[in-house]
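See below for coords.pdb, which holds PDB, C-alpha atoms (C1' of nucleotides) and all ligand atoms.
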ATOM      1  CA  MET A 173     -17.474 -17.686 -23.244
ATOM      2  CA  THR A 174     -18.419 -20.570 -21.002
ATOM      3  CA  SER A 175     -15.944 -19.734 -18.300
ATOM      4  CA  THR A 176     -13.665 -22.554 -17.265
ATOM      5  CA  GLU A 177     -13.034 -21.099 -13.854
ATOM      6  CA  PRO A 178     -11.991 -23.738 -11.379
ATOM      7  CA  VAL A 179     -14.658 -24.660  -8.904
ATOM      8  CA  GLN A 180     -14.201 -23.329  -5.386
ATOM      9  CA  ARG A 181     -13.944 -26.318  -3.110
ATOM     10  CA  ARG A 182     -15.547 -26.239   0.296
ATOM     11  CA  THR A 183     -12.941 -26.804   2.912
ATOM     12  CA  ARG A 184     -12.883 -26.568   6.654
ATOM     13  CA  GLN A 185     -10.395 -23.704   6.440
ATOM     14  CA  ARG A 186     -12.484 -21.573   4.108
ATOM     15  CA  ALA A 187     -15.508 -22.108   6.308
ATOM     16  CA  GLU A 188     -13.539 -20.994   9.343
ATOM     17  CA  ILE A 189     -12.223 -17.967   7.522
ATOM     18  CA  ARG A 190     -15.657 -17.036   6.252
ATOM     19  CA  ASP A 191     -17.060 -17.312   9.765
ATOM     20  CA  ALA A 192     -14.267 -15.190  11.173
ATOM     21  CA  VAL A 193     -14.811 -12.396   8.661
ATOM     22  CA  GLU A 194     -18.541 -12.477   9.177
ATOM     23  CA  ALA A 195     -18.070 -12.273  12.920
ATOM     24  CA  SER A 196     -16.213  -9.006  12.541
ATOM     25  CA  GLN A 197     -18.145  -5.784  12.302
ATOM     26  CA  ALA A 198     -15.028  -3.914  11.269
ATOM     27  CA  PHE A 199     -12.722  -4.422   8.320
ATOM     28  CA  ALA A 200      -9.946  -6.855   9.166
ATOM     29  CA  THR A 201      -6.704  -7.722   7.446
ATOM     30  CA  SER A 202      -5.697 -11.261   6.545
ATOM     31  CA  GLN A 203      -3.214 -11.221   9.386
ATOM     32  CA  GLU A 204      -5.839 -10.156  11.892
ATOM     33  CA  ILE A 205      -8.227 -12.872  10.757
ATOM     34  CA  HIS A 206      -5.387 -15.359  10.963
ATOM     35  CA  ASP A 207      -4.524 -14.261  14.493
ATOM     36  CA  ARG A 208      -8.122 -14.585  15.628
ATOM     37  CA  LEU A 209      -8.447 -18.040  14.143
ATOM     38  CA  ARG A 210      -5.205 -19.185  15.708
ATOM     39  CA  HIS A 211      -6.200 -17.802  19.081
ATOM     40  CA  SER A 212      -9.452 -19.701  18.890
ATOM     41  CA  GLY A 213      -7.667 -22.955  18.253
ATOM     42  CA  SER A 214      -7.618 -23.157  14.493
ATOM     43  CA  THR A 215      -4.493 -24.370  12.740
ATOM     44  CA  VAL A 216      -5.157 -22.581   9.490
ATOM     45  CA  GLY A 217      -2.090 -21.214   7.746
ATOM     46  CA  LEU A 218      -1.470 -17.564   7.030
ATOM     47  CA  ALA A 219      -1.047 -18.065   3.286
ATOM     48  CA  THR A 220      -4.360 -19.869   3.211
ATOM     49  CA  VAL A 221      -6.076 -16.911   4.822
ATOM     50  CA  TYR A 222      -4.530 -14.562   2.291
ATOM     51  CA  ARG A 223      -5.632 -16.789  -0.592
ATOM     52  CA  ALA A 224      -9.123 -17.409   0.715
ATOM     53  CA  LEU A 225      -9.875 -13.764   1.396
ATOM     54  CA  GLN A 226      -8.591 -12.791  -2.021
ATOM     55  CA  ALA A 227     -10.797 -15.395  -3.613
ATOM     56  CA  MET A 228     -13.800 -14.273  -1.604
ATOM     57  CA  ALA A 229     -13.152 -10.689  -2.634
ATOM     58  CA  ALA A 230     -12.834 -11.674  -6.283
ATOM     59  CA  GLY A 231     -16.121 -13.489  -5.987
ATOM     60  CA  GLY A 232     -17.790 -10.469  -4.465
ATOM     61  CA  GLU A 233     -18.458 -12.252  -1.202
ATOM     62  CA  VAL A 234     -16.584  -9.665   0.815
ATOM     63  CA  ASP A 235     -15.656  -6.027   0.339
ATOM     64  CA  THR A 236     -12.110  -4.791   0.514
ATOM     65  CA  ILE A 237     -10.568  -1.486   1.383
ATOM     66  CA  ARG A 238      -7.027  -0.318   1.616
ATOM     67  CA  THR A 239      -6.294   1.105   5.023
ATOM     68  CA  PRO A 240      -4.577   4.500   5.238
ATOM     69  CA  ASP A 241      -1.328   2.737   5.947
ATOM     70  CA  GLY A 242      -1.649   0.557   2.905
ATOM     71  CA  GLN A 243      -2.892  -2.777   4.128
ATOM     72  CA  VAL A 244      -5.781  -4.611   2.527
ATOM     73  CA  ALA A 245      -8.724  -5.301   4.814
ATOM     74  CA  TYR A 246     -11.881  -7.336   4.282
ATOM     75  CA  ARG A 247     -15.443  -7.156   5.539
ATOM     76  CA  THR A 248     -18.684  -8.984   4.956
ATOM     77  CA  CYS A 249     -21.093  -6.303   3.857
ATOM     78  CA  THR A 250     -24.613  -5.862   2.667
ATOM     79  CA  PRO A 251     -25.064  -6.903  -0.950
ATOM     80  CA  GLY A 252     -25.142  -4.128  -3.481
ATOM     81  CA  HIS A 253     -22.818  -1.302  -4.316
ATOM     82  CA  HIS A 254     -22.004   1.061  -1.504
ATOM     83  CA  HIS A 255     -19.132   2.875   0.135
ATOM     84  CA  HIS A 256     -17.711   2.964   3.645
ATOM     85  CA  LEU A 257     -17.235   5.369   6.481
ATOM     86  CA  VAL A 258     -14.630   3.873   8.775
ATOM     87  CA  CYS A 259     -13.586   5.027  12.227
ATOM     88  CA  ARG A 260      -9.861   5.527  12.505
ATOM     89  CA  GLY A 261     -10.033   4.683  16.175
ATOM     90  CA  CYS A 262     -12.134   1.555  16.586
ATOM     91  CA  GLY A 263     -12.730   0.505  13.009
ATOM     92  CA  LYS A 264     -16.493   0.860  13.316
ATOM     93  CA  THR A 265     -17.845   0.888   9.790
ATOM     94  CA  VAL A 266     -20.984   2.386   8.318
ATOM     95  CA  GLU A 267     -22.104   1.500   4.819
ATOM     96  CA  ILE A 268     -23.199   4.535   2.887
ATOM     97  CA  ASP A 269     -24.861   5.269  -0.404
ATOM     98  CA  LEU A 270     -23.704   8.091  -2.565
ATOM     99  CA  PRO A 271     -26.669   8.836  -4.774
ATOM    100  CA  GLY A 272     -25.479  10.711  -7.771
ATOM    101  CA  LEU A 273     -21.906   9.602  -7.608
ATOM    102  CA  GLU A 274     -22.351   6.716 -10.007
ATOM    103  CA  SER A 275     -24.074   8.831 -12.635
ATOM    104  CA  GLN A 276     -21.533  11.558 -12.055
ATOM    105  CA  THR A 277     -18.850   8.968 -12.690
ATOM    106  CA  ARG A 278     -20.403   7.981 -15.989
ATOM    107  CA  ALA A 279     -20.619  11.626 -16.979
ATOM    108  CA  ILE A 280     -16.951  12.115 -16.215
ATOM    109  CA  ALA A 281     -16.037   9.056 -18.240
ATOM    110  CA  ARG A 282     -17.961  10.379 -21.207
ATOM    111  CA  GLU A 283     -16.502  13.851 -20.903
ATOM    112  CA  TYR A 284     -12.897  12.707 -20.934
ATOM    113  CA  GLY A 285     -13.218   9.693 -23.188
ATOM    114  CA  PHE A 286     -12.263   7.214 -20.526
ATOM    115  CA  ALA A 287     -13.755   3.738 -20.473
ATOM    116  CA  GLU A 288     -14.171   1.074 -17.840
ATOM    117  CA  ILE A 289     -14.154   3.558 -15.036
ATOM    118  CA  ASP A 290     -13.728   2.185 -11.590
ATOM    119  CA  HIS A 291     -13.897   4.322  -8.502
ATOM    120  CA  GLU A 292     -12.215   4.103  -5.184
ATOM    121  CA  VAL A 293     -14.263   6.018  -2.633
ATOM    122  CA  GLU A 294     -13.847   5.611   1.095
ATOM    123  CA  PHE A 295     -14.284   7.870   4.092
ATOM    124  CA  PHE A 296     -12.291   7.820   7.270
ATOM    125  CA  GLY A 297     -13.231   9.667  10.419
ATOM    126  CA  THR A 298     -13.516   9.420  14.168
ATOM    127  CA  CYS A 299     -16.759   8.102  15.564
ATOM    128  CA  ALA A 300     -18.637   9.668  18.445
ATOM    129  CA  ASP A 301     -17.462   7.044  20.921
ATOM    130  CA  CYS A 302     -13.854   7.505  19.983
ATOM    131  CA  THR A 303     -14.160  11.290  20.033
ATOM    132  CA  ALA A 304     -15.560  11.119  23.537
ATOM    133  CA  GLY A 305     -12.964   8.554  24.524
TER
ATOM    134  CA  MET B  22       0.750  27.477  18.715
ATOM    135  CA  THR B  23       3.746  28.930  16.930
ATOM    136  CA  SER B  24       4.775  25.700  15.282
ATOM    137  CA  THR B  25       8.362  24.679  15.809
ATOM    138  CA  GLU B  26       8.522  22.706  12.611
ATOM    139  CA  PRO B  27      12.070  22.278  11.398
ATOM    140  CA  VAL B  28      12.947  24.460   8.476
ATOM    141  CA  GLN B  29      13.137  22.743   5.116
ATOM    142  CA  ARG B  30      16.596  23.277   3.746
ATOM    143  CA  ARG B  31      17.141  23.836   0.068
ATOM    144  CA  THR B  32      19.388  21.164  -1.303
ATOM    145  CA  ARG B  33      20.442  20.137  -4.755
ATOM    146  CA  GLN B  34      18.684  16.811  -4.304
ATOM    147  CA  ARG B  35      15.341  18.289  -3.372
ATOM    148  CA  ALA B  36      15.513  20.645  -6.298
ATOM    149  CA  GLU B  37      16.226  17.748  -8.637
ATOM    150  CA  ILE B  38      13.397  15.727  -7.175
ATOM    151  CA  ARG B  39      10.982  18.620  -7.400
ATOM    152  CA  ASP B  40      11.933  19.154 -11.042
ATOM    153  CA  ALA B  41      11.507  15.480 -11.827
ATOM    154  CA  VAL B  42       8.020  15.327 -10.328
ATOM    155  CA  GLU B  43       7.000  18.510 -12.079
ATOM    156  CA  ALA B  44       8.254  17.137 -15.361
ATOM    157  CA  SER B  45       5.900  14.201 -15.103
ATOM    158  CA  GLN B  46       2.328  14.561 -16.266
ATOM    159  CA  ALA B  47       1.405  11.265 -14.651
ATOM    160  CA  PHE B  48       1.634  10.138 -11.045
ATOM    161  CA  ALA B  49       5.006   8.587 -10.334
ATOM    162  CA  THR B  50       6.304   6.532  -7.440
ATOM    163  CA  SER B  51       9.423   7.369  -5.497
ATOM    164  CA  GLN B  52      11.205   4.545  -7.230
ATOM    165  CA  GLU B  53      10.231   5.804 -10.667
ATOM    166  CA  ILE B  54      11.404   9.304  -9.856
ATOM    167  CA  HIS B  55      14.624   7.858  -8.519
ATOM    168  CA  ASP B  56      15.162   5.815 -11.677
ATOM    169  CA  ARG B  57      14.616   8.833 -13.896
ATOM    170  CA  LEU B  58      17.016  10.939 -11.893
ATOM    171  CA  ARG B  59      19.659   8.242 -11.946
ATOM    172  CA  HIS B  60      19.265   7.734 -15.672
ATOM    173  CA  SER B  61      19.770  11.428 -16.203
ATOM    174  CA  GLY B  62      23.005  11.395 -14.291
ATOM    175  CA  SER B  63      21.910  12.317 -10.805
ATOM    176  CA  THR B  64      23.431  10.508  -7.864
ATOM    177  CA  VAL B  65      20.516  11.082  -5.517
ATOM    178  CA  GLY B  66      19.787   8.229  -3.149
ATOM    179  CA  LEU B  67      16.553   6.279  -3.065
ATOM    180  CA  ALA B  68      15.865   6.984   0.595
ATOM    181  CA  THR B  69      16.284  10.664  -0.099
ATOM    182  CA  VAL B  70      13.652  10.533  -2.813
ATOM    183  CA  TYR B  71      11.269   8.759  -0.465
ATOM    184  CA  ARG B  72      11.869  11.332   2.246
ATOM    185  CA  ALA B  73      11.664  14.357  -0.010
ATOM    186  CA  LEU B  74       8.441  13.283  -1.689
ATOM    187  CA  GLN B  75       6.863  12.529   1.661
ATOM    188  CA  ALA B  76       7.839  15.956   2.911
ATOM    189  CA  MET B  77       6.512  17.611  -0.215
ATOM    190  CA  ALA B  78       3.243  15.747   0.179
ATOM    191  CA  ALA B  79       2.977  16.724   3.826
ATOM    192  CA  GLY B  80       3.550  20.320   2.818
ATOM    193  CA  GLY B  81       0.850  20.131   0.191
ATOM    194  CA  GLU B  82       3.276  20.722  -2.648
ATOM    195  CA  VAL B  83       2.330  17.492  -4.392
ATOM    196  CA  ASP B  84      -0.704  15.224  -4.434
ATOM    197  CA  THR B  85      -0.497  11.541  -3.637
ATOM    198  CA  ILE B  86      -2.562   8.572  -4.610
ATOM    199  CA  ARG B  87      -2.277   4.924  -3.844
ATOM    200  CA  THR B  88      -2.111   2.886  -7.020
ATOM    201  CA  PRO B  89      -4.392  -0.136  -7.349
ATOM    202  CA  ASP B  90      -1.489  -2.372  -6.463
ATOM    203  CA  GLY B  91      -0.745  -0.426  -3.333
ATOM    204  CA  GLN B  92       2.160   1.813  -4.165
ATOM    205  CA  VAL B  93       2.218   5.485  -3.316
ATOM    206  CA  ALA B  94       2.574   7.835  -6.265
ATOM    207  CA  TYR B  95       3.096  11.582  -6.435
ATOM    208  CA  ARG B  96       2.153  14.326  -8.841
ATOM    209  CA  THR B  97       2.429  18.076  -9.044
ATOM    210  CA  CYS B  98      -1.133  19.274  -9.464
ATOM    211  CA  THR B  99      -3.123  22.413  -9.681
ATOM    212  CA  PRO B 100      -3.619  24.082  -6.303
ATOM    213  CA  GLY B 101      -6.947  23.509  -4.635
ATOM    214  CA  HIS B 102      -8.888  20.436  -3.670
ATOM    215  CA  HIS B 103      -9.717  18.059  -6.483
ATOM    216  CA  HIS B 104      -9.749  14.402  -7.388
ATOM    217  CA  HIS B 105      -8.142  12.343 -10.122
ATOM    218  CA  LEU B 106      -9.102  10.245 -13.077
ATOM    219  CA  VAL B 107      -6.113   8.107 -13.955
ATOM    220  CA  CYS B 108      -5.588   5.914 -17.005
ATOM    221  CA  ARG B 109      -4.639   2.375 -16.074
ATOM    222  CA  GLY B 110      -2.706   2.091 -19.310
ATOM    223  CA  CYS B 111      -0.557   5.184 -19.710
ATOM    224  CA  GLY B 112      -1.083   6.954 -16.422
ATOM    225  CA  LYS B 113      -2.587  10.010 -18.072
ATOM    226  CA  THR B 114      -4.284  11.980 -15.330
ATOM    227  CA  VAL B 115      -7.173  14.393 -15.382
ATOM    228  CA  GLU B 116      -7.982  16.550 -12.391
ATOM    229  CA  ILE B 117     -11.672  16.619 -11.664
ATOM    230  CA  ASP B 118     -14.019  18.489  -9.396
ATOM    231  CA  LEU B 119     -16.816  16.729  -7.629
ATOM    232  CA  PRO B 120     -19.264  19.474  -6.821
ATOM    233  CA  GLY B 121     -21.469  18.391  -4.008
ATOM    234  CA  LEU B 122     -19.202  15.686  -2.694
ATOM    235  CA  GLU B 123     -17.676  17.831  -0.006
ATOM    236  CA  SER B 124     -21.023  18.997   1.331
ATOM    237  CA  GLN B 125     -22.322  15.465   1.042
ATOM    238  CA  THR B 126     -19.351  14.359   3.108
ATOM    239  CA  ARG B 127     -20.179  16.872   5.824
ATOM    240  CA  ALA B 128     -23.770  15.697   5.830
ATOM    241  CA  ILE B 129     -22.659  12.114   6.266
ATOM    242  CA  ALA B 130     -20.369  13.072   9.100
ATOM    243  CA  ARG B 131     -23.220  14.832  10.870
ATOM    244  CA  GLU B 132     -25.638  11.980  10.294
ATOM    245  CA  TYR B 133     -23.400   9.338  11.811
ATOM    246  CA  GLY B 134     -21.653  11.411  14.432
ATOM    247  CA  PHE B 135     -18.239  11.067  12.881
ATOM    248  CA  ALA B 136     -15.707  13.869  13.112
ATOM    249  CA  GLU B 137     -12.609  14.812  11.164
ATOM    250  CA  ILE B 138     -13.809  13.097   8.054
ATOM    251  CA  ASP B 139     -11.288  12.572   5.358
ATOM    252  CA  HIS B 140     -12.152  11.118   1.998
ATOM    253  CA  GLU B 141     -10.235   9.015  -0.417
ATOM    254  CA  VAL B 142     -11.749   9.418  -3.859
ATOM    255  CA  GLU B 143      -9.996   8.408  -7.042
ATOM    256  CA  PHE B 144     -11.092   7.127 -10.435
ATOM    257  CA  PHE B 145      -9.277   4.695 -12.645
ATOM    258  CA  GLY B 146     -10.144   4.007 -16.243
ATOM    259  CA  THR B 147      -8.751   3.500 -19.705
ATOM    260  CA  CYS B 148      -8.232   6.604 -21.803
ATOM    261  CA  ALA B 149      -9.267   6.907 -25.429
ATOM    262  CA  ASP B 150      -5.722   6.475 -26.709
ATOM    263  CA  CYS B 151      -5.193   3.321 -24.701
ATOM    264  CA  THR B 152      -8.584   1.934 -25.690
ATOM    265  CA  ALA B 153      -7.724   2.451 -29.339
ATOM    266  CA  GLY B 154      -4.133   1.318 -28.864
TER
ATOM    267  C1'  DA C 182     -12.599 -46.960  -3.343
ATOM    268  C1'  DT C 183     -10.011 -44.520  -6.776
ATOM    269  C1'  DC C 184      -8.424 -40.718  -9.155
ATOM    270  C1'  DT C 185      -7.876 -36.039 -10.552
ATOM    271  C1'  DT C 186      -7.099 -31.686  -9.178
ATOM    272  C1'  DC C 187      -7.442 -27.906  -6.308
ATOM    273  C1'  DA C 188      -6.302 -26.577  -1.504
ATOM    274  C1'  DT C 189      -3.221 -26.355   2.273
ATOM    275  C1'  DG C 190       0.762 -25.129   5.198
ATOM    276  C1'  DA C 191       5.534 -24.380   6.293
ATOM    277  C1'  DC C 192       8.907 -21.714   4.639
ATOM    278  C1'  DA C 193      11.473 -19.035   1.434
ATOM    279  C1'  DA C 194      11.375 -15.154  -1.500
ATOM    280  C1'  DT C 195       9.727 -10.434  -3.052
ATOM    281  C1'  DC C 196       9.591  -5.881  -2.802
ATOM    282  C1'  DA C 197       8.090  -1.323  -1.260
ATOM    283  C1'  DT C 198       9.204   1.328   2.366
ATOM    284  C1'  DT C 199      11.686   2.573   6.613
ATOM    285  C1'  DC C 200      15.601   2.682   9.701
ATOM    286  C1'  DT C 201      20.545   3.406  11.027
ATOM    287  C1'  DC C 202      24.345   5.999  11.264
ATOM    288  C1'  DA C 203      28.453   8.051   9.654
ATOM    289  C1'  DT C 204      29.163  11.973   6.858
ATOM    290  C1'  DC C 205      27.891  16.137   4.292
ATOM    291  C1'  DG C 206      26.680  20.799   3.472
ATOM    292  C1'  DC C 207      22.763  24.536   4.235
ATOM    293  C1'  DG C 208      21.893  28.646   6.890
ATOM    294  C1'  DT C 209      23.514  31.620  10.192
ATOM    295  C1'  DC C 210      26.238  34.317  12.988
ATOM    296  C1'  DC C 211      30.759  36.221  13.780
TER
ATOM    297  C1'  DG D 191      35.409  34.433   4.418
ATOM    298  C1'  DG D 192      35.282  31.082   8.174
ATOM    299  C1'  DA D 193      33.338  28.408  11.964
ATOM    300  C1'  DC D 194      29.176  26.006  13.887
ATOM    301  C1'  DG D 195      24.997  23.495  14.670
ATOM    302  C1'  DC D 196      21.782  20.649  12.942
ATOM    303  C1'  DG D 197      18.943  19.035   9.281
ATOM    304  C1'  DA D 198      19.902  16.299   4.971
ATOM    305  C1'  DT D 199      22.041  12.634   2.542
ATOM    306  C1'  DG D 200      23.254   7.938   1.016
ATOM    307  C1'  DA D 201      24.624   3.130   1.489
ATOM    308  C1'  DG D 202      23.099  -0.613   3.308
ATOM    309  C1'  DA D 203      20.529  -3.254   6.602
ATOM    310  C1'  DA D 204      16.036  -4.076   8.461
ATOM    311  C1'  DT D 205      11.080  -4.375   8.385
ATOM    312  C1'  DG D 206       6.791  -6.130   7.185
ATOM    313  C1'  DA D 207       2.986  -7.215   4.142
ATOM    314  C1'  DT D 208       2.190 -10.113   0.552
ATOM    315  C1'  DT D 209       3.344 -13.807  -2.760
ATOM    316  C1'  DG D 210       5.746 -17.937  -4.501
ATOM    317  C1'  DT D 211       7.270 -22.877  -3.944
ATOM    318  C1'  DC D 212       6.364 -27.461  -3.415
ATOM    319  C1'  DA D 213       5.371 -31.639  -1.078
ATOM    320  C1'  DT D 214       1.304 -33.351   0.990
ATOM    321  C1'  DG D 215      -3.724 -33.386   2.061
ATOM    322  C1'  DA D 216      -8.460 -33.915   0.974
ATOM    323  C1'  DA D 217     -12.801 -32.325  -1.878
ATOM    324  C1'  DG D 218     -15.643 -34.135  -5.476
ATOM    325  C1'  DA D 219     -16.449 -36.964  -9.413
ATOM    326  C1'  DT D 220     -16.637 -41.673 -11.310
TER
HETATM  327 ZN    ZN A 401     -19.053  -2.782   2.124
HETATM  328 ZN    ZN A 402     -14.491   4.692  16.802
HETATM  329 ZN    ZN A 403      -4.109  16.376  -7.955
HETATM  330 ZN    ZN A 404      -4.052   5.817 -21.410
END
So that I can check it, write out the structure of this file as structure tokens.
Amino acid sequence: MTSTEPVQRRTRQRAEIRDAVEASQAFATSQEIHDRLRHSGSTVGLATVYRALQAMAAGGEVDTIRTPDGQVAYRTCTPGHHHHLVCRGCGKTVEIDLPGLESQTRAIAREYGFAEIDHEVEFFGTCADCTAG
Amino acid sequence: MTSTEPVQRRTRQRAEIRDAVEASQAFATSQEIHDRLRHSGSTVGLATVYRALQAMAAGGEVDTIRTPDGQVAYRTCTPGHHHHLVCRGCGKTVEIDLPGLESQTRAIAREYGFAEIDHEVEFFGTCADCTAG
DNA sequence: ATCTTCATGACAATCATTCTCATCGCGTCC
DNA sequence: GGACGCGATGAGAATGATTGTCATGAAGAT
């Protein structure tokens, strides 16, 4: 199965988008990234941001979460599987490990005869700063 | 704090909607519930289904999940906190317990100074029937 | 430099969900 | 049983995130 996936071309826009995501500590939506780029003088189009972030997510270059209100947000994280604890107030994000969860997941799959199990595990809370406000 | 929440009135529509959700083993979206009701002769409106299901979810009468493609789906589950293992093919859902996750969540909250932690934990897979298919 | 092909951007189109508002009908109190 | 007040309903418009369209631009290979 020599994959015939099209090569990702290096363009000015993708570089800008990558930089913008990396500059953000918190998860950001395509629209937010687009706004920031526009405000800093870029002329990148919104659809391009959507496409680039999707591609980066598919390639594992960024992590994605779905915000409580349903929007997709992206973040450049540490390599390796992990989960997120996100502040509802300021978006501050902490990467967390859940030792045991992965094996527990495999056990569940076996028990119920499910295959190709994928898990969606995120935590939302209010950070100390935001609690103090 | 004697809550002044408006009383939920019993209407034909809400009864129909409740019955429709309870009749479904799998999670169903408002639109799906609406379609089923319409096909079985009901004249209930789509907005009403959206509103009723939201109210039922807020009241803890049904569980909600967000499907991988972003839609909100509802299901009448067993009382008590639990998570879900959902088949991507047929929607078959298994309620699962994750012993240790809740305490682990509290530990994480304490460690990072986050309060009011809420977790979003769902599993998606392919059930035996759908794998065989 | 040329050519092939993917990438881009402006804009239209989707589509789930929410809003508006005139009307209906529960629940309650005579 | 009948009248009332207010939440509930439904038809349709509106919203808003995301995706599709397509003519044009520009990587990357030759
Ligand atoms: Zn991450
Ligand atoms: Zn915060
Ligand atoms: Zn459930
Ligand atoms: Zn299945």
| field | Ground truth for the PyMOL selection byres ((chain C) within 8 of (chain A and not hetatm)), written as a ChimeraX atom specification | value | /C:187-190
| said: Expand the PyMOL selection byres (((chain A and resi 241) around 12) and not hetatm) into the explicit residue set it covers here, and present it as a PyMOL selection string. | reply: (chain A and resi 201+237-240+242-245+260) or (chain B and resi 87+91-93) or (chain C and resi 198) or (chain D and resi 207)
Those residues you just picked out, can you put them in a file as a PDB file, in the frame of the given file with C-alpha atoms (C1' of nucleotides)?
ATOM      1  CA  THR A 201      -6.704  -7.722   7.446  1.00  0.00           C
ATOM      2  CA  ILE A 237     -10.568  -1.486   1.383  1.00  0.00           C
ATOM      3  CA  ARG A 238      -7.027  -0.318   1.616  1.00  0.00           C
ATOM      4  CA  THR A 239      -6.294   1.105   5.023  1.00  0.00           C
ATOM      5  CA  PRO A 240      -4.577   4.500   5.238  1.00  0.00           C
ATOM      6  CA  GLY A 242      -1.649   0.557   2.905  1.00  0.00           C
ATOM      7  CA  GLN A 243      -2.892  -2.777   4.128  1.00  0.00           C
ATOM      8  CA  VAL A 244      -5.781  -4.611   2.527  1.00  0.00           C
ATOM      9  CA  ALA A 245      -8.724  -5.301   4.814  1.00  0.00           C
ATOM     10  CA  ARG A 260      -9.861   5.527  12.505  1.00  0.00           C
TER      11      ARG A 260
ATOM     12  CA  ARG B  87      -2.277   4.924  -3.844  1.00  0.00           C
ATOM     13  CA  GLY B  91      -0.745  -0.426  -3.333  1.00  0.00           C
ATOM     14  CA  GLN B  92       2.160   1.813  -4.165  1.00  0.00           C
ATOM     15  CA  VAL B  93       2.218   5.485  -3.316  1.00  0.00           C
TER      16      VAL B  93
ATOM     17  C1'  DT C 198       9.204   1.328   2.366  1.00  0.00           C
TER      18       DT C 198
ATOM     19  C1'  DA D 207       2.986  -7.215   4.142  1.00  0.00           C
TER      20       DA D 207
END
Which chain D residues have any atom within 10 Å of an atom of chain A, and for each, what is the nearest pair of atoms with distance in Å to one decimal, counting all atoms listed in the file, rows sorted by chain and number, as CSV?
residue,atom,partner,partner_atom,distance
D:DA207,C1',A:Gln243,CA,7.4
D:DT208,C1',A:Tyr222,CA,8.2
D:DT209,C1',A:Ala219,CA,8.6
D:DA216,C1',A:Thr183,CA,8.6
D:DA217,C1',A:Arg181,CA,6.2
D:DG218,C1',A:Arg181,CA,8.3
| message | Contacts from chain B to chain A, 6 Å maximum, only C-alpha atoms: show me the residue list as number ranges by chain. | response | B: 134-149
| said: Report, in Å with one decimal, the straight-line distance from atom CA of Tyr246 of chain A to atom ZN of ligand ZN 402 (chain A). | reply: 17.6 Å
| field | Atom-to-atom span, atom CA of Thr97 of chain B and atom CA of Ala76 of chain B, Å | value | 13.3 Å
| task | Dump the neighbourhood of ligand ZN 401 (chain A) as a PyMOL selection string: all residues within 8 Å, distances computed on only C-alpha atoms (C1' of nucleotides) and all ligand atoms. | result | chain A and resi 234-236+247-251+253-256+267
| field | Test item: residues at most 12 Å from DT205 of chain D, only C-alpha atoms (C1' of nucleotides), excluding those fewer than 6 positions along its chain, as JSON, numbers by chain | value | {"C": [196, 197, 198, 199, 200]}
File of the preceding selection, C-alpha atoms (C1' of nucleotides), as an mmCIF file, in the frame of the given file:
data_model
loop_
_atom_site.group_PDB
_atom_site.id
_atom_site.type_symbol
_atom_site.label_atom_id
_atom_site.label_comp_id
_atom_site.auth_asym_id
_atom_site.auth_seq_id
_atom_site.Cartn_x
_atom_site.Cartn_y
_atom_site.Cartn_z
ATOM 1 C "C1'" DC C 196 9.591 -5.881 -2.802
ATOM 2 C "C1'" DA C 197 8.090 -1.323 -1.260
ATOM 3 C "C1'" DT C 198 9.204 1.328 2.366
ATOM 4 C "C1'" DT C 199 11.686 2.573 6.613
ATOM 5 C "C1'" DC C 200 15.601 2.682 9.701
#
